[in-house]
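Pasted below: query27.cif, mmCIF, C-alpha atoms.
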```
data_query
loop_
_atom_site.label_atom_id
_atom_site.label_comp_id
_atom_site.auth_asym_id
_atom_site.auth_seq_id
_atom_site.Cartn_x
_atom_site.Cartn_y
_atom_site.Cartn_z
CA MET A 1 72.47 54.13 155.54
CA LYS A 2 68.97 53.40 154.31
CA ASN A 3 68.15 53.17 150.63
CA LYS A 4 66.79 56.33 149.06
CA ARG A 5 63.25 56.08 147.77
CA ARG A 6 63.18 57.73 144.37
CA CYS A 7 60.38 58.70 142.02
CA VAL A 8 59.75 60.50 138.80
CA LEU A 9 56.82 62.78 139.46
CA LEU A 10 54.87 63.12 136.22
CA PHE A 11 53.28 66.51 136.74
CA ALA A 12 51.06 66.91 133.72
CA ARG A 13 47.62 67.22 132.28
CA THR A 14 46.34 64.54 129.97
CA PRO A 15 47.91 64.58 126.49
CA LYS A 16 44.64 65.90 125.04
CA GLN A 17 44.40 68.69 127.64
CA GLU A 18 48.06 69.57 127.06
CA ALA A 19 47.61 69.80 123.30
CA LEU A 20 44.43 71.85 123.55
CA SER A 21 45.86 74.25 126.15
CA LYS A 22 48.76 75.03 123.80
CA GLY A 23 46.62 75.42 120.68
CA LEU A 24 48.04 72.18 119.29
CA GLY A 25 44.86 70.10 119.19
CA ARG A 26 46.13 68.01 116.28
CA GLU A 27 49.33 67.11 118.16
CA VAL A 28 47.83 64.89 120.88
CA ALA A 29 49.99 61.99 119.67
CA LEU A 30 53.15 64.02 120.39
CA PHE A 31 52.14 64.49 124.03
CA GLU A 32 51.08 60.84 124.28
CA PHE A 33 54.52 59.87 122.97
CA ALA A 34 56.28 62.17 125.47
CA ARG A 35 54.21 60.78 128.36
CA SER A 36 55.00 57.20 127.30
CA ARG A 37 58.70 58.01 126.89
CA VAL A 38 58.91 59.47 130.41
CA GLY A 39 57.16 56.40 131.82
CA ALA A 40 59.54 54.04 130.03
CA ALA A 41 62.55 56.10 131.10
CA ALA A 42 61.46 56.02 134.76
CA VAL A 43 60.96 52.26 134.86
CA ALA A 44 64.28 51.72 133.06
CA LEU A 45 66.06 53.21 136.09
CA ASP A 46 66.74 50.83 138.95
CA GLY A 47 64.75 51.64 142.08
CA VAL A 48 62.75 54.49 140.56
CA ASP A 49 58.96 54.64 140.66
CA LEU A 50 56.67 56.64 138.39
CA LEU A 51 54.18 58.73 140.35
CA VAL A 52 51.28 60.60 138.76
CA PRO A 53 49.86 62.81 141.54
CA ARG A 54 46.36 64.12 141.80
CA GLN A 55 46.38 67.83 141.14
CA CYS A 56 44.85 70.22 143.65
CA SER A 57 43.29 73.54 142.76
CA GLY A 58 45.25 76.77 142.90
CA SER A 59 48.11 78.40 141.06
CA PHE A 60 50.71 76.41 139.15
CA GLY A 61 53.17 76.87 142.01
CA GLU A 62 50.62 75.65 144.56
CA LYS A 63 49.78 72.61 142.44
CA LEU A 64 53.44 71.69 141.97
CA SER A 65 54.21 72.25 145.68
CA ASP A 66 51.31 69.99 146.59
CA ALA A 67 52.49 67.30 144.16
CA PHE A 68 55.95 67.32 145.79
CA GLY A 69 54.20 67.15 149.17
CA GLN A 70 52.26 64.07 148.05
CA ALA A 71 55.50 62.35 147.01
CA LEU A 72 57.20 63.26 150.30
CA ALA A 73 54.19 61.95 152.25
CA LEU A 74 54.53 58.63 150.41
CA GLY A 75 58.10 58.39 151.67
CA TYR A 76 60.05 59.44 148.58
CA ASP A 77 63.17 61.39 149.40
CA GLN A 78 64.46 61.97 145.87
CA ILE A 79 61.80 63.39 143.59
CA VAL A 80 62.27 64.48 139.99
CA ALA A 81 59.26 66.31 138.52
CA VAL A 82 58.82 66.42 134.75
CA PRO A 83 56.04 67.47 132.34
CA ILE A 84 54.82 65.79 129.15
CA ASP A 85 55.74 68.60 126.77
CA VAL A 86 59.39 67.51 126.39
CA PRO A 87 59.41 64.62 123.90
CA SER A 88 63.24 64.42 123.91
CA LEU A 89 63.44 63.79 127.67
CA GLY A 90 64.75 60.32 128.42
CA ALA A 91 66.45 58.06 130.92
CA ASP A 92 69.86 59.77 130.62
CA GLU A 93 68.55 63.09 131.90
CA LEU A 94 66.56 61.41 134.68
CA ALA A 95 69.61 59.39 135.76
CA ASP A 96 71.75 62.54 135.77
CA ALA A 97 69.14 64.31 137.90
CA PHE A 98 69.11 61.52 140.49
CA ASP A 99 72.91 61.50 140.50
CA ALA A 100 72.91 65.25 141.19
CA LEU A 101 70.47 64.77 144.08
CA ARG A 102 73.13 62.72 145.87
CA THR A 103 75.04 65.93 146.56
CA HIS A 104 72.55 68.73 145.93
CA GLU A 105 69.21 69.61 147.46
CA VAL A 106 67.76 70.76 144.12
CA VAL A 107 68.49 69.99 140.47
CA LEU A 108 67.23 71.86 137.39
CA GLY A 109 67.05 70.82 133.75
CA PRO A 110 67.20 74.02 131.67
CA SER A 111 65.18 74.76 128.56
CA PRO A 112 66.44 77.20 125.93
CA ASP A 113 63.42 79.46 126.48
CA GLY A 114 64.37 80.26 130.10
CA GLY A 115 62.15 77.60 131.62
CA VAL A 116 62.99 74.18 132.97
CA TYR A 117 62.07 70.73 131.77
CA LEU A 118 62.94 69.08 135.08
CA LEU A 119 62.87 70.04 138.75
CA GLY A 120 64.33 67.60 141.22
CA MET A 121 64.33 67.87 144.99
CA GLY A 122 65.76 65.80 147.77
CA GLY A 123 64.20 65.11 151.14
CA ARG A 124 66.49 67.69 152.71
CA CYS A 125 64.12 70.32 151.30
CA GLY A 126 61.81 69.56 154.20
CA GLY A 127 58.26 68.34 154.43
CA ARG A 128 56.74 71.18 152.44
CA VAL A 129 57.99 72.67 149.19
CA HIS A 130 57.06 76.29 148.48
CA LEU A 131 57.27 77.37 144.87
CA ASN A 132 55.05 80.45 144.85
CA ASP A 133 57.92 82.94 144.35
CA VAL A 134 58.54 81.59 140.85
CA ARG A 135 57.03 83.37 137.84
CA TRP A 136 55.77 80.15 136.28
CA LEU A 137 55.05 79.84 132.56
CA THR A 138 57.45 82.70 131.72
CA SER A 139 61.03 82.97 130.47
CA SER A 140 62.06 83.74 134.07
CA VAL A 141 61.37 80.30 135.55
CA ALA A 142 64.96 79.03 135.58
CA ALA A 143 66.32 82.32 136.95
CA ASP A 144 63.63 82.43 139.65
CA LEU A 145 64.32 78.84 140.69
CA MET A 146 68.05 79.55 140.87
CA ALA A 147 67.31 82.57 143.08
CA CYS A 148 65.13 80.40 145.35
CA PHE A 149 67.70 77.58 145.41
CA PRO A 150 71.15 79.16 144.90
CA GLY A 151 72.97 75.86 145.42
CA ALA A 152 70.97 73.99 142.79
CA ALA A 153 72.72 71.68 140.37
CA VAL A 154 72.01 72.51 136.73
CA LEU A 155 72.07 69.66 134.23
CA THR A 156 74.26 70.09 131.17
CA HIS A 157 71.48 68.81 128.90
CA VAL A 158 69.47 71.76 127.56
CA ILE A 159 66.21 70.42 126.11
CA ALA A 160 63.41 72.33 124.42
CA ASP A 161 59.81 71.92 125.44
CA VAL A 162 56.78 72.36 123.21
CA ASP A 163 54.73 75.40 124.16
CA ARG A 164 53.46 76.51 120.74
CA ARG A 165 53.42 75.47 117.10
CA ALA A 166 56.77 77.14 116.31
CA ASP A 167 58.45 74.85 118.88
CA LEU A 168 57.61 71.80 116.78
CA ALA A 169 60.29 72.82 114.26
CA LEU A 170 62.92 72.76 117.05
CA LEU A 171 62.39 69.12 117.92
CA ASP A 172 65.30 66.78 117.28
CA HIS A 173 64.23 64.28 114.62
CA ASP A 174 67.14 61.85 114.98
#
```
What does the file become when written as structure tokens?
Amino acid sequence: MKNKRRCVLLFARTPKQEALSKGLGREVALFEFARSRVGAAAVALDGVDLLVPRQCSGSFGEKLSDAFGQALALGYDQIVAVPIDVPSLGADELADAFDALRTHEVVLGPSPDGGVYLLGMGGRCGGRVHLNDVRWLTSSVAADLMACFPGAAVLTHVIADVDRRADLALLDHD
């Protein structure tokens, strides 16, 4: 059996763009921290690459589908996509996602707001990933993904993302 090629797909805008898009212009450092933490977590895992894809034009679903397609075209067969608005995301969650991809085609990391902080897919998903049936950027994301991928593994870690100023108070300050 050949070795699986694994990558963390950092699907994100720049920290400045992320902060501005969420009305958090003064919080650029938070998104820089989250991006750095994801990078460090990815390289801490044996045999995992960090991939920052170029983003095409189109809807969020089209952009994310294309990013998965780029990773598949590079030969990755276990791909875990994450954003930079989850400062608590670390190596444990990434490792758990890759473990789940050993036996599942799709893995989801749930957020308390109904979204997901992580979407992982294995090569068994095929050469093209279609994510246009998901109501992205709503509280229905996790439910829609589970409807699209009924056999998906769901991580036990529930982690909040930062979408607006009120979310800053929910961050774990340990």
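Among the candidates A:Phe98, A:Phe60, A:Tyr76, A:Phe33, the residue lying nearest to Asp133 of chain A is A:Phe60 (atoms considered: all atoms listed in the file).
Shortest atom-to-atom contact with Gly90 of chain A among A:Val162, A:Ala40, A:Leu72, A:Ala67: A:Ala40, counting all atoms listed in the file.
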Exercise for review: Counting all atoms listed in the file, find the residues whose atoms lie at most 8 Å from (60.9, 73.0, 128.3) (file coordinates) and write them out as a list of chain:residue names.
Suggested key: A:Asp85, A:Val86, A:Pro110, A:Ser111, A:Pro112, A:Asp113, A:Gly115, A:Val116, A:Tyr117, A:Ile159, A:Ala160, A:Asp161, A:Val162, A:Asp163
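If you measure from each of A:Ala41, A:Ile79, A:Leu64, A:Ala100 to Ala152 of chain A using only C-alpha atoms, the closest one turns out to be A:Ala100.
The closest residue to Ser88 of chain A, picked from A:Ala29, A:Ala73, A:Val38, A:Ala147 and counting only C-alpha atoms, is A:Val38.
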Exercise for review: Apply the PyMOL selection byres ((chain A and resi 91) around 9) to the displayed file and report the matching residues as a list in words.
Suggested key: Arg37, Val38, Ala40, Ala41, Ala42, Val43, Ala44, Leu45, Leu89, Gly90, Asp92, Glu93, Leu94, Ala95 and Asp96 of chain A
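Residues matched by the PyMOL selection byres ((chain A and resi 120-122) around 6) in this structure: Asp77, Gln78, Ile79, Val80, Ala81, Glu105, Val106, Val107, Leu119, Gly123, Arg124 and Cys125 of chain A.
Restricting the calculation to only C-alpha atoms, the smallest distance between Gly109 of chain A and any of A:His157, A:Gly151, A:Asp144, A:Leu131 is found for A:His157.
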